[in-house]
$ cat query30.csv   # CSV, C-alpha atoms
chain,number,residue,atom,x,y,z
A,4,MET,CA,0.0,0.0,0.0
A,5,THR,CA,1.3,3.5,-0.9
A,6,ALA,CA,1.4,6.1,1.8
A,7,VAL,CA,-0.3,9.3,0.9
A,8,MET,CA,1.4,12.6,1.9
A,9,THR,CA,-0.9,15.4,2.9
A,10,ASP,CA,0.0,19.0,3.1
A,11,SER,CA,-3.3,20.7,3.2
A,12,LEU,CA,-6.8,20.1,4.4
A,13,ASP,CA,-8.8,18.7,1.5
A,14,MET,CA,-12.4,19.0,2.6
A,15,ARG,CA,-13.6,17.0,-0.5
A,16,ARG,CA,-11.4,14.1,0.7
A,17,LEU,CA,-12.6,14.5,4.3
A,18,LEU,CA,-16.2,14.4,3.2
A,19,ALA,CA,-15.6,11.5,0.8
A,20,PRO,CA,-17.6,8.9,2.9
A,21,VAL,CA,-20.8,10.9,2.1
A,22,GLY,CA,-19.5,12.9,-0.9
A,23,ALA,CA,-19.3,16.7,-1.1
A,24,ASP,CA,-22.5,16.9,-3.3
A,25,ARG,CA,-24.5,14.8,-0.9
A,26,PHE,CA,-23.1,16.7,2.1
A,27,PHE,CA,-24.5,20.0,0.8
A,28,ALA,CA,-27.7,18.5,-0.4
A,29,GLU,CA,-28.6,16.5,2.8
A,30,HIS,CA,-26.5,17.7,5.7
A,31,TRP,CA,-25.5,21.3,5.3
A,32,GLN,CA,-27.5,23.4,7.8
A,33,ALA,CA,-29.9,20.5,8.1
A,34,ARG,CA,-28.5,17.5,10.0
A,35,MET,CA,-25.4,16.1,11.5
A,36,ALA,CA,-22.8,14.0,9.7
A,37,LEU,CA,-20.3,11.7,11.3
A,38,LEU,CA,-17.2,10.9,9.2
A,39,PRO,CA,-14.0,8.8,9.8
A,40,LEU,CA,-10.8,10.5,8.8
A,41,ALA,CA,-8.0,8.9,7.0
A,42,ALA,CA,-4.9,8.4,9.2
A,43,GLU,CA,-2.8,10.8,7.1
A,44,ASP,CA,-5.5,13.6,7.4
A,45,LEU,CA,-5.6,13.2,11.2
A,46,ALA,CA,-1.8,13.2,11.3
A,47,PHE,CA,-1.8,16.4,9.2
A,48,ILE,CA,-4.3,18.1,11.5
A,49,ARG,CA,-2.4,17.0,14.7
A,50,THR,CA,0.8,18.4,13.2
A,51,THR,CA,-0.8,21.6,12.2
A,52,VAL,CA,-2.3,22.1,15.7
A,53,GLY,CA,1.0,21.3,17.4
A,54,PRO,CA,1.6,20.3,21.0
A,55,LEU,CA,-1.6,20.2,23.1
A,56,ASP,CA,-0.1,22.3,25.8
A,57,PRO,CA,-2.6,24.5,27.7
A,58,ALA,CA,-0.2,27.3,28.4
A,59,ARG,CA,0.9,27.4,24.7
A,60,LEU,CA,-2.7,27.4,23.4
A,61,ALA,CA,-3.8,30.1,26.0
A,62,GLY,CA,-1.0,32.3,24.6
A,63,MET,CA,-2.2,31.7,21.0
A,64,ALA,CA,-6.0,32.1,21.4
A,65,ARG,CA,-7.0,35.4,19.8
A,66,GLU,CA,-10.4,35.6,21.6
A,67,GLY,CA,-9.1,34.4,24.9
A,68,SER,CA,-9.4,31.2,26.8
A,69,GLN,CA,-11.8,30.0,29.4
A,70,ALA,CA,-11.9,27.3,32.1
A,71,TRP,CA,-15.3,25.8,33.1
A,72,LEU,CA,-15.3,24.2,36.5
A,73,ALA,CA,-18.2,22.3,38.0
A,74,ASN,CA,-17.9,19.4,40.5
A,75,GLU,CA,-19.5,18.1,43.7
A,76,PHE,CA,-18.6,21.3,45.5
A,77,VAL,CA,-18.4,24.0,42.8
A,78,ALA,CA,-21.4,25.3,40.9
A,79,HIS,CA,-20.7,25.8,37.2
A,80,SER,CA,-18.2,28.7,37.0
A,81,VAL,CA,-16.3,30.3,34.2
A,82,PHE,CA,-12.8,31.7,34.6
A,83,PRO,CA,-10.6,33.6,32.2
A,84,VAL,CA,-7.4,31.6,31.4
A,85,ASP,CA,-3.9,32.9,30.6
A,86,PRO,CA,-0.6,31.1,29.9
A,87,GLN,CA,0.3,31.5,33.5
A,88,ASN,CA,-2.7,29.7,35.0
A,89,ALA,CA,-3.7,27.4,32.2
A,90,ALA,CA,-1.8,24.4,33.6
A,91,GLN,CA,-3.3,25.0,37.1
A,92,PHE,CA,-6.8,25.0,35.8
A,93,HIS,CA,-6.0,21.8,33.8
A,94,ASP,CA,-4.7,20.2,37.1
A,95,ALA,CA,-7.9,21.5,38.9
A,96,GLY,CA,-10.1,19.3,36.6
A,97,ALA,CA,-11.5,22.2,34.5
A,98,THR,CA,-12.7,22.0,31.0
A,99,LEU,CA,-10.5,24.3,28.9
A,100,TYR,CA,-11.7,26.2,25.9
A,101,PHE,CA,-9.2,28.1,23.6
A,102,VAL,CA,-11.1,30.4,21.3
A,103,ASN,CA,-9.8,31.3,17.9
A,104,VAL,CA,-6.4,29.7,17.7
A,105,PRO,CA,-4.8,30.9,14.4
A,106,LEU,CA,-4.5,27.8,12.2
A,107,PRO,CA,-4.9,29.2,8.7
A,108,ALA,CA,-3.8,25.9,7.1
A,109,LEU,CA,-7.1,24.5,8.4
A,110,THR,CA,-9.5,27.4,8.6
A,111,ASP,CA,-8.6,28.9,5.2
A,112,SER,CA,-9.0,25.5,3.5
A,113,LEU,CA,-12.5,25.1,5.1
A,114,ALA,CA,-13.5,28.7,4.2
A,115,HIS,CA,-12.3,28.2,0.6
A,116,PHE,CA,-14.2,24.9,0.3
A,117,LEU,CA,-17.4,26.5,1.7
A,118,GLY,CA,-17.0,29.7,-0.3
A,119,ALA,CA,-17.2,31.7,2.9
A,120,PRO,CA,-15.3,34.8,4.1
A,121,ARG,CA,-12.0,33.6,5.6
A,122,ARG,CA,-12.2,35.5,8.8
A,123,LYS,CA,-15.5,34.0,9.7
A,124,VAL,CA,-14.0,30.5,10.0
A,125,ILE,CA,-12.1,30.0,13.2
A,126,ALA,CA,-10.4,27.2,15.0
A,127,SER,CA,-10.9,26.5,18.7
A,128,LEU,CA,-9.6,23.7,21.0
A,129,PHE,CA,-11.4,22.0,23.8
A,130,PHE,CA,-9.8,20.0,26.6
A,131,THR,CA,-12.3,17.9,28.5
A,132,PRO,CA,-11.2,16.1,31.7
A,133,ALA,CA,-12.5,12.7,32.6
A,134,GLY,CA,-16.1,13.1,33.8
A,135,GLY,CA,-16.4,16.5,32.1
A,136,GLY,CA,-18.7,17.5,29.4
A,137,ALA,CA,-21.3,20.1,28.3
A,138,VAL,CA,-24.9,20.5,29.2
A,139,PRO,CA,-27.6,20.5,26.5
A,140,HIS,CA,-27.2,23.6,24.3
A,141,PHE,CA,-27.1,24.7,20.7
A,142,ASP,CA,-24.6,27.0,19.0
A,143,LYS,CA,-25.0,29.8,16.5
A,144,ASN,CA,-22.0,28.5,14.5
A,145,GLU,CA,-21.8,25.7,11.9
A,146,ASN,CA,-19.4,23.4,13.7
A,147,PHE,CA,-17.0,20.7,12.4
A,148,THR,CA,-15.5,18.9,15.4
A,149,ILE,CA,-12.4,16.7,15.0
A,150,GLN,CA,-11.6,14.4,17.9
A,151,LEU,CA,-7.8,14.5,18.5
A,152,THR,CA,-7.2,12.4,21.6
A,153,GLY,CA,-9.3,10.4,24.0
A,154,ALA,CA,-13.0,9.6,23.5
A,155,LYS,CA,-16.1,11.7,24.0
A,156,ARG,CA,-19.8,10.7,23.8
A,157,TRP,CA,-22.2,13.2,22.1
A,158,GLN,CA,-25.9,13.3,22.1
A,159,VAL,CA,-27.0,15.2,19.0
A,160,GLY,CA,-30.4,16.3,17.8
A,161,GLU,CA,-31.6,14.6,14.6
A,162,ALA,CA,-32.4,18.1,13.3
A,163,PRO,CA,-31.9,21.7,14.4
A,164,MET,CA,-34.3,22.8,17.2
A,165,VAL,CA,-34.1,26.3,15.7
A,166,PRO,CA,-33.1,26.3,12.0
A,167,ALA,CA,-30.4,28.9,11.2
A,168,ALA,CA,-30.3,29.9,14.8
A,169,PRO,CA,-29.1,33.5,15.2
A,170,ASP,CA,-27.7,33.0,18.7
A,171,SER,CA,-26.4,30.2,21.0
A,172,TYR,CA,-28.6,29.0,23.8
A,173,THR,CA,-28.3,26.7,26.8
A,174,LEU,CA,-31.5,24.8,27.4
A,175,GLY,CA,-33.3,25.8,30.6
A,176,SER,CA,-31.4,29.1,30.7
A,177,THR,CA,-33.5,32.3,31.2
A,178,ALA,CA,-30.8,34.2,29.2
A,179,ILE,CA,-32.5,34.4,25.7
A,180,THR,CA,-31.5,37.1,23.2
A,181,PRO,CA,-34.3,39.2,21.6
A,182,ALA,CA,-33.4,37.7,18.2
A,183,LEU,CA,-33.8,34.1,19.4
A,184,ALA,CA,-36.9,34.6,21.7
A,185,PRO,CA,-39.6,34.4,19.0
A,186,LEU,CA,-37.9,31.5,17.2
A,187,LEU,CA,-37.5,29.5,20.5
A,188,ALA,CA,-41.1,30.1,21.5
A,189,GLY,CA,-42.6,27.5,19.2
A,190,ALA,CA,-39.6,25.2,18.9
A,191,GLY,CA,-39.7,21.6,19.9
A,192,ARG,CA,-36.6,19.5,20.8
A,193,PRO,CA,-36.0,16.9,18.1
A,194,PRO,CA,-35.1,13.3,19.1
A,195,GLU,CA,-31.4,12.7,19.7
A,196,ARG,CA,-28.8,10.3,18.5
A,197,THR,CA,-25.8,9.0,20.5
A,198,VAL,CA,-22.5,9.4,18.7
A,199,ASP,CA,-19.1,8.2,20.1
A,200,LEU,CA,-16.2,10.2,18.9
A,201,ALA,CA,-12.8,8.5,18.9
A,202,PRO,CA,-9.5,10.1,17.6
A,203,GLY,CA,-9.8,10.6,13.9
A,204,THR,CA,-13.6,11.1,13.7
A,205,LEU,CA,-15.2,14.3,12.3
A,206,LEU,CA,-18.6,15.4,13.4
A,207,TYR,CA,-20.5,18.1,11.7
A,208,VAL,CA,-23.3,19.7,13.8
A,209,PRO,CA,-25.5,22.4,12.2
A,210,ARG,CA,-26.2,25.6,14.1
A,211,GLY,CA,-29.3,25.4,16.2
A,212,THR,CA,-28.9,21.7,16.8
A,213,VAL,CA,-29.1,20.7,20.5
A,214,HIS,CA,-26.2,18.6,21.7
A,215,HIS,CA,-24.6,17.6,25.0
A,216,THR,CA,-21.4,15.8,25.7
A,217,GLY,CA,-19.6,13.7,28.2
A,218,ALA,CA,-16.0,12.4,28.4
A,219,GLY,CA,-15.1,9.2,30.2
A,220,GLU,CA,-11.4,10.0,29.8
A,221,PRO,CA,-9.4,13.1,29.2
A,222,SER,CA,-10.1,14.4,25.7
A,223,TRP,CA,-8.8,17.0,23.2
A,224,SER,CA,-10.9,18.1,20.3
A,225,LEU,CA,-10.6,20.7,17.6
A,226,ASN,CA,-13.5,22.8,16.5
A,227,LEU,CA,-13.6,24.5,13.1
A,228,SER,CA,-16.5,26.9,13.3
A,229,TYR,CA,-18.1,29.1,10.6
A,230,CYS,CA,-19.6,32.0,12.5
A,231,PRO,CA,-22.1,32.6,9.8
A,232,SER,CA,-22.3,35.5,7.4
A,233,THR,CA,-25.9,35.4,6.4
A,234,TRP,CA,-27.4,36.4,3.0
A,235,LEU,CA,-29.0,39.2,4.9
A,236,ASP,CA,-25.6,40.4,6.1
A,237,LEU,CA,-24.3,40.3,2.6
A,238,LEU,CA,-27.2,42.3,1.1
A,239,ARG,CA,-27.3,44.8,4.0
A,240,ALA,CA,-23.5,45.5,3.9
A,241,GLY,CA,-23.3,45.5,0.1
A,242,LEU,CA,-26.4,47.7,-0.4
A,243,THR,CA,-25.4,50.1,2.3
A,244,GLN,CA,-22.0,50.6,0.8
A,245,ARG,CA,-23.4,50.9,-2.7
A,246,LEU,CA,-26.4,53.2,-2.0
A,247,ALA,CA,-24.8,55.4,0.7
A,248,ALA,CA,-22.8,57.0,-2.2
A,249,SER,CA,-26.0,58.4,-3.7
A,250,PRO,CA,-27.4,61.7,-2.4
A,251,ARG,CA,-30.9,60.4,-3.3
A,252,TRP,CA,-30.6,57.4,-0.9
A,253,ARG,CA,-29.1,59.7,1.7
A,254,GLY,CA,-32.2,61.9,1.5
A,255,ILE,CA,-34.5,62.0,4.5
A,256,VAL,CA,-37.9,60.3,4.7
A,257,THR,CA,-40.5,62.9,3.8
A,258,GLY,CA,-44.1,62.9,2.4
A,259,VAL,CA,-45.3,59.6,3.8
A,260,GLY,CA,-48.7,61.1,4.5
A,261,GLY,CA,-48.5,64.6,5.7
A,262,ASP,CA,-49.4,67.7,3.8
A,263,PRO,CA,-50.1,67.2,0.0
A,264,ALA,CA,-47.2,69.6,-0.7
A,265,ALA,CA,-44.8,67.4,1.4
A,266,GLN,CA,-46.1,64.2,-0.4
A,267,GLY,CA,-44.5,65.5,-3.6
A,268,ALA,CA,-41.1,65.0,-1.8
A,269,ASN,CA,-41.8,61.3,-1.3
A,270,ARG,CA,-38.9,59.6,-3.3
A,271,LEU,CA,-39.7,56.0,-2.3
A,272,PRO,CA,-41.4,54.8,-5.6
A,273,GLU,CA,-38.4,56.0,-7.7
A,274,LEU,CA,-35.9,54.6,-5.2
A,275,LEU,CA,-37.6,51.2,-5.3
A,276,ALA,CA,-37.5,51.2,-9.1
A,277,GLU,CA,-33.8,52.0,-8.9
A,278,LEU,CA,-33.3,49.1,-6.4
A,279,ARG,CA,-35.2,46.6,-8.6
A,280,ALA,CA,-33.0,47.5,-11.6
A,281,LEU,CA,-29.9,47.2,-9.5
A,282,LEU,CA,-30.8,43.8,-8.2
A,283,ASP,CA,-31.7,42.5,-11.6
A,284,ASP,CA,-28.3,43.4,-13.0
A,285,PRO,CA,-25.9,40.3,-12.6
A,286,LYS,CA,-22.9,42.6,-12.6
A,287,GLU,CA,-24.3,44.7,-9.7
A,288,ALA,CA,-25.1,41.5,-7.8
A,289,GLU,CA,-21.5,40.3,-8.4
A,290,ALA,CA,-20.2,43.7,-7.2
A,291,LEU,CA,-22.3,43.4,-4.0
A,292,THR,CA,-20.8,40.0,-3.2
A,293,ARG,CA,-17.3,41.1,-4.0
A,294,ALA,CA,-17.7,44.2,-1.8
A,295,PHE,CA,-18.8,42.0,1.1
A,296,PHE,CA,-16.0,39.5,0.8
A,297,ASP,CA,-13.4,42.3,0.4
A,298,ARG,CA,-14.4,44.0,3.7
A,299,PRO,CA,-11.6,43.7,6.2
A,300,ASP,CA,-14.0,42.3,8.8
A,301,ALA,CA,-15.7,39.9,6.5
B,13,MET,CA,4.8,24.9,43.2
B,14,ALA,CA,2.7,28.0,44.1
B,15,GLY,CA,0.3,29.0,41.4
B,16,GLU,CA,-0.9,32.4,40.1
B,17,ALA,CA,-3.5,33.7,42.5
B,18,MET,CA,-6.5,35.4,40.9
B,19,ARG,CA,-9.1,37.6,42.5
B,20,LEU,CA,-12.6,36.0,42.5
B,21,LEU,CA,-16.0,36.8,43.8
B,22,MET,CA,-17.6,33.8,45.4
B,23,LYS,CA,-21.4,33.8,45.3
B,24,ILE,CA,-23.3,31.8,47.9
B,25,VAL,CA,-27.0,31.5,47.9
B,26,LEU,CA,-28.5,30.1,51.1
B,27,PRO,CA,-32.1,28.8,50.6
B,28,ALA,CA,-34.8,30.6,52.5
B,29,GLY,CA,-35.4,28.9,55.9
B,30,SER,CA,-31.9,27.4,55.9
B,31,PRO,CA,-31.2,26.0,59.4
B,32,VAL,CA,-27.6,27.2,58.9
B,33,LEU,CA,-28.8,30.8,58.6
B,34,ALA,CA,-31.2,30.4,61.5
B,35,ALA,CA,-28.6,29.1,63.9
B,36,PRO,CA,-27.9,31.6,66.7
B,37,ASP,CA,-24.2,31.5,66.2
B,38,PHE,CA,-24.3,31.7,62.4
B,39,GLU,CA,-22.6,35.1,62.3
B,40,ALA,CA,-19.7,34.0,64.4
B,41,GLN,CA,-19.3,30.7,62.5
B,42,TRP,CA,-19.5,32.5,59.2
B,43,ARG,CA,-16.9,35.1,60.2
B,44,ALA,CA,-14.6,32.3,61.4
B,45,LEU,CA,-15.0,30.5,58.1
B,46,LEU,CA,-14.2,33.6,56.1
B,47,LYS,CA,-11.1,34.2,58.2
B,48,ARG,CA,-9.9,30.6,57.5
B,49,LEU,CA,-10.4,31.1,53.8
B,50,GLY,CA,-8.5,34.3,53.8
B,51,ALA,CA,-11.4,36.4,52.5
B,52,LEU,CA,-10.5,39.9,51.5
B,53,ALA,CA,-14.1,41.2,51.9
B,54,ALA,CA,-17.6,40.0,52.3
B,55,TYR,CA,-20.9,41.5,51.2
B,56,PRO,CA,-24.0,40.0,52.8
B,57,LYS,CA,-27.3,40.8,51.1
B,58,GLU,CA,-31.0,39.9,51.8
B,59,GLN,CA,-30.5,39.3,55.5
B,60,GLY,CA,-27.5,37.1,54.9
B,61,ARG,CA,-29.3,34.8,52.5
B,62,LEU,CA,-27.0,36.0,49.6
B,63,GLN,CA,-23.3,36.2,50.4
B,64,TYR,CA,-20.7,37.7,48.1
B,65,VAL,CA,-17.1,37.0,49.3
B,66,LEU,CA,-14.0,38.4,47.7
B,67,ILE,CA,-11.1,36.0,47.7
B,68,GLU,CA,-7.7,35.5,46.1
B,69,ALA,CA,-7.0,32.0,45.1
B,70,ASP,CA,-4.8,29.8,43.0
B,71,PRO,CA,-7.0,27.8,40.5
B,72,ARG,CA,-6.1,24.6,42.4
B,73,GLN,CA,-7.5,26.1,45.7
B,74,ILE,CA,-10.9,26.8,44.2
B,75,THR,CA,-12.4,23.4,44.9
B,76,PRO,CA,-11.0,23.1,48.5
B,77,ILE,CA,-12.4,26.6,49.2
B,78,ALA,CA,-15.8,25.5,47.8
B,79,GLU,CA,-15.7,22.3,49.8
B,80,ALA,CA,-15.2,24.3,53.0
B,81,VAL,CA,-18.2,26.4,52.2
B,82,PHE,CA,-20.3,23.4,51.1
B,83,ARG,CA,-19.5,21.5,54.4
B,84,PHE,CA,-20.6,24.6,56.4
B,85,ALA,CA,-23.6,25.8,54.4
B,86,GLY,CA,-24.7,22.8,52.3
B,87,VAL,CA,-24.7,24.7,49.1
B,88,LYS,CA,-22.2,25.0,46.1
B,89,PRO,CA,-20.7,28.4,45.6
B,90,GLU,CA,-20.3,29.9,42.2
B,91,PHE,CA,-17.2,31.8,41.3
B,92,LEU,CA,-17.3,35.0,39.3
B,93,PRO,CA,-14.0,36.2,37.9
B,94,GLU,CA,-13.0,39.8,38.4
B,95,ILE,CA,-12.7,40.2,34.7
B,96,ALA,CA,-15.7,39.1,32.6
B,97,PRO,CA,-14.7,36.4,30.0
B,98,PRO,CA,-15.2,37.0,26.3
B,99,PRO,CA,-18.5,35.7,24.8
B,100,TYR,CA,-19.0,32.0,24.5
B,101,TYR,CA,-18.4,31.6,20.8
B,102,GLY,CA,-17.2,33.2,17.6
B,103,LEU,CA,-16.5,36.6,16.3
B,104,ARG,CA,-18.2,39.8,17.2
B,105,GLY,CA,-19.8,42.3,14.9
B,106,TYR,CA,-22.5,42.2,12.2
$ encode --input "query30.csv" --output "structure tokens"
Amino acid sequence: MTAVMTDSLDMRRLLAPVGADRFFAEHWQARMALLPLAAEDLAFIRTTVGPLDPARLAGMAREGSQAWLANEFVAHSVFPVDPQNAAQFHDAGATLYFVNVPLPALTDSLAHFLGAPRRKVIASLFFTPAGGGAVPHFDKNENFTIQLTGAKRWQVGEAPMVPAAPDSYTLGSTAITPALAPLLAGAGRPPERTVDLAPGTLLYVPRGTVHHTGAGEPSWSLNLSYCPSTWLDLLRAGLTQRLAASPRWRGIVTGVGGDPAAQGANRLPELLAELRALLDDPKEAEALTRAFFDRPDA
Amino acid sequence: MAGEAMRLLMKIVLPAGSPVLAAPDFEAQWRALLKRLGALAAYPKEQGRLQYVLIEADPRQITPIAEAVFRFAGVKPEFLPEIAPPPYYGLRGY
């Protein structure tokens, strides 16, 4: 058998067990997918991540690191972690979460595959101690989790509880964002499936899908998350940039009712006609998309 | 090896009608416990039912401190870091 050398994350190859086309048709934003990775892909990912050292990762995480501690004496508590105290929280039995560790060899490949803005795809790492885990919750991100070491049991909803959820939510919590509240009101919790993750398995969980986890042994996992840019974001950002250049669109709302003389200053009908023409022009649509992807914060 | 101490606010909620709270020597025992834990300050609220205690602790001391509170009061304390952590997930903006 010939050994295959891998020097980049080939998402098509990772998704080969279901196929990329079927992944987008049946799983993307709709239902979980569990995929075994080839040994060389796991080796490449492990090499790219580097040593699983809490202090090192705490120093790398761009959006900070957290320790979650809950045991027979401590109610669930969240602590900020830095390179100086990371090992101590590890020794204290905390779950460690390193948010946005720069791993462009992985995140850029996933962003390229998805056709998503690069900066919206981030890598985070989880260390879960034996007996640790997460309570039922759903995330606002599209998540690809790769088990690196140890084993972890997941309970994952068969479908999103809130399709295209705009925010994360922990079940039972009274902290509900205004954007999520109306969507959560009528939502039912779909049945769940048990999934055992061993090193070298990839689990895709769509945003809004309830999941909870437990680790019987110390476990490290990598999470590649797409913090979604929605079509609404794209149109809003693109149109704002495009239309704000026009004095007509910067005009103030006048003549919606009011005096008949003021009604003559109502420009909405002609602006809507202009907008229709703009949206019907494929070149303009392409320019809107390009403007969105080229934004430094996209 | 001594660890990095961090300043934490320990939140303890005693249930209404708690026998611990009703004990005649509660105040004395509570003060003795705080002294043993090296508390920097304590802020009782709602007639002592809600206690906020400022401590400095190495991460490895958190569970032993919580155990001392649990054995005295029968409730699990929650720890609130002095600096709020970043949001749970992802990028900000949009």
$ interface_residues --input "query30.csv" --of "chain B" --to "chain A" --cutoff "6 Å" --atoms "all atoms listed in the file" --output "list in words"
Pro71, Arg72, Ala78, Glu79, Lys88, Pro89, Glu90, Phe91, Pro93, Pro97 and Gly102 of chain B
$ write_last_selection --input "query30.csv" --atoms "C-alpha atoms" --output "PDB file, in the coordinates of the input"
ATOM      1  CA  PRO B  71      -7.000  27.800  40.500  1.00  0.00           C
ATOM      2  CA  ARG B  72      -6.100  24.600  42.400  1.00  0.00           C
ATOM      3  CA  ALA B  78     -15.800  25.500  47.800  1.00  0.00           C
ATOM      4  CA  GLU B  79     -15.700  22.300  49.800  1.00  0.00           C
ATOM      5  CA  LYS B  88     -22.200  25.000  46.100  1.00  0.00           C
ATOM      6  CA  PRO B  89     -20.700  28.400  45.600  1.00  0.00           C
ATOM      7  CA  GLU B  90     -20.300  29.900  42.200  1.00  0.00           C
ATOM      8  CA  PHE B  91     -17.200  31.800  41.300  1.00  0.00           C
ATOM      9  CA  PRO B  93     -14.000  36.200  37.900  1.00  0.00           C
ATOM     10  CA  PRO B  97     -14.700  36.400  30.000  1.00  0.00           C
ATOM     11  CA  GLY B 102     -17.200  33.200  17.600  1.00  0.00           C
TER      12      GLY B 102
END
$ residues_near_point --input "query30.csv" --point "(-34.9, 13.1, 19.2)" --cutoff "12 Å" --atoms "only C-alpha atoms" --output "list in words"
Gln158, Val159, Gly160, Glu161, Ala162, Pro163, Met164, Gly191, Arg192, Pro193, Pro194, Glu195, Arg196, Thr197, Thr212, Val213 and His214 of chain A
$ atom_distance --input "query30.csv" --atom1 "CA of Leu128 (chain A)" --atom2 "CA of Ala64 (chain A)"
9.1 Å
$ residues_around --input "query30.csv" --residues "Ala41 (chain A)" --least-positions-apart "4" --cutoff "10 Å" --atoms "all atoms listed in the file" --output "PyMOL selection string"
chain A and resi 7+16-17+45-47+203-204
$ residues_near_point --input "query30.csv" --point "(-22.7, 42.9, -0.2)" --cutoff "6 Å" --atoms "all atoms listed in the file" --output "PyMOL selection string"
chain A and resi 237-238+240-241+291-292+294-295
$ residues_around --input "query30.csv" --residues "Ala19 (chain A)" --least-positions-apart "5" --cutoff "12 Å" --atoms "all atoms listed in the file" --output "number ranges by chain"
A: 13-14, 24-26, 36-41, 205
$ atom_distance --input "query30.csv" --atom1 "CA of Ser224 (chain A)" --atom2 "CA of Phe130 (chain A)"
6.7 Å
$ atom_distance --input "query30.csv" --atom1 "CA of Ala190 (chain A)" --atom2 "CA of Ala167 (chain A)"
12.6 Å
$ closest_residue --input "query30.csv" --among "B:Gln59, B:Pro76, B:Ile67, B:Gly29" --to "Lys47 (chain B)" --atoms "all atoms listed in the file"
B:Ile67
$ closest_residue --input "query30.csv" --among "B:Ala40, B:Ala34, B:Leu66, B:Ile74" --to "Leu21 (chain B)" --atoms "only C-alpha atoms"
B:Leu66
$ build_atoms --input "query30.csv" --residues "region 35-49 of chain A" --atoms "N, CA and C atoms" --output "short mmCIF file (atom, residue, chain, number, x, y, z; two decimals), in the coordinates of the input"
data_model
loop_
_atom_site.label_atom_id
_atom_site.label_comp_id
_atom_site.auth_asym_id
_atom_site.auth_seq_id
_atom_site.Cartn_x
_atom_site.Cartn_y
_atom_site.Cartn_z
N MET A 35 -26.76 16.45 11.23
CA MET A 35 -25.40 16.10 11.50
C MET A 35 -24.79 15.10 10.54
N ALA A 36 -23.46 15.07 10.50
CA ALA A 36 -22.80 14.00 9.70
C ALA A 36 -21.57 13.56 10.51
N LEU A 37 -21.37 12.27 10.53
CA LEU A 37 -20.30 11.70 11.30
C LEU A 37 -19.36 10.98 10.24
N LEU A 38 -18.07 11.36 10.24
CA LEU A 38 -17.20 10.90 9.20
C LEU A 38 -15.86 10.40 9.80
N PRO A 39 -15.40 9.21 9.38
CA PRO A 39 -14.00 8.80 9.80
C PRO A 39 -13.01 9.47 8.92
N LEU A 40 -11.91 9.91 9.54
CA LEU A 40 -10.80 10.50 8.80
C LEU A 40 -9.77 9.52 8.42
N ALA A 41 -9.12 9.74 7.30
CA ALA A 41 -8.00 8.90 7.00
C ALA A 41 -6.83 9.23 7.93
N ALA A 42 -5.98 8.23 8.19
CA ALA A 42 -4.90 8.40 9.20
C ALA A 42 -4.01 9.59 8.80
N GLU A 43 -3.74 9.75 7.49
CA GLU A 43 -2.80 10.80 7.10
C GLU A 43 -3.49 12.22 7.30
N ASP A 44 -4.81 12.28 7.19
CA ASP A 44 -5.50 13.60 7.40
C ASP A 44 -5.45 13.91 8.92
N LEU A 45 -5.69 12.91 9.78
CA LEU A 45 -5.60 13.20 11.20
C LEU A 45 -4.17 13.58 11.58
N ALA A 46 -3.18 12.91 10.98
CA ALA A 46 -1.80 13.20 11.30
C ALA A 46 -1.48 14.68 10.86
N PHE A 47 -1.98 15.07 9.69
CA PHE A 47 -1.80 16.40 9.20
C PHE A 47 -2.40 17.45 10.18
N ILE A 48 -3.61 17.15 10.60
CA ILE A 48 -4.30 18.10 11.50
C ILE A 48 -3.57 18.15 12.85
N ARG A 49 -3.13 17.01 13.38
CA ARG A 49 -2.40 17.00 14.70
C ARG A 49 -1.12 17.79 14.55
#
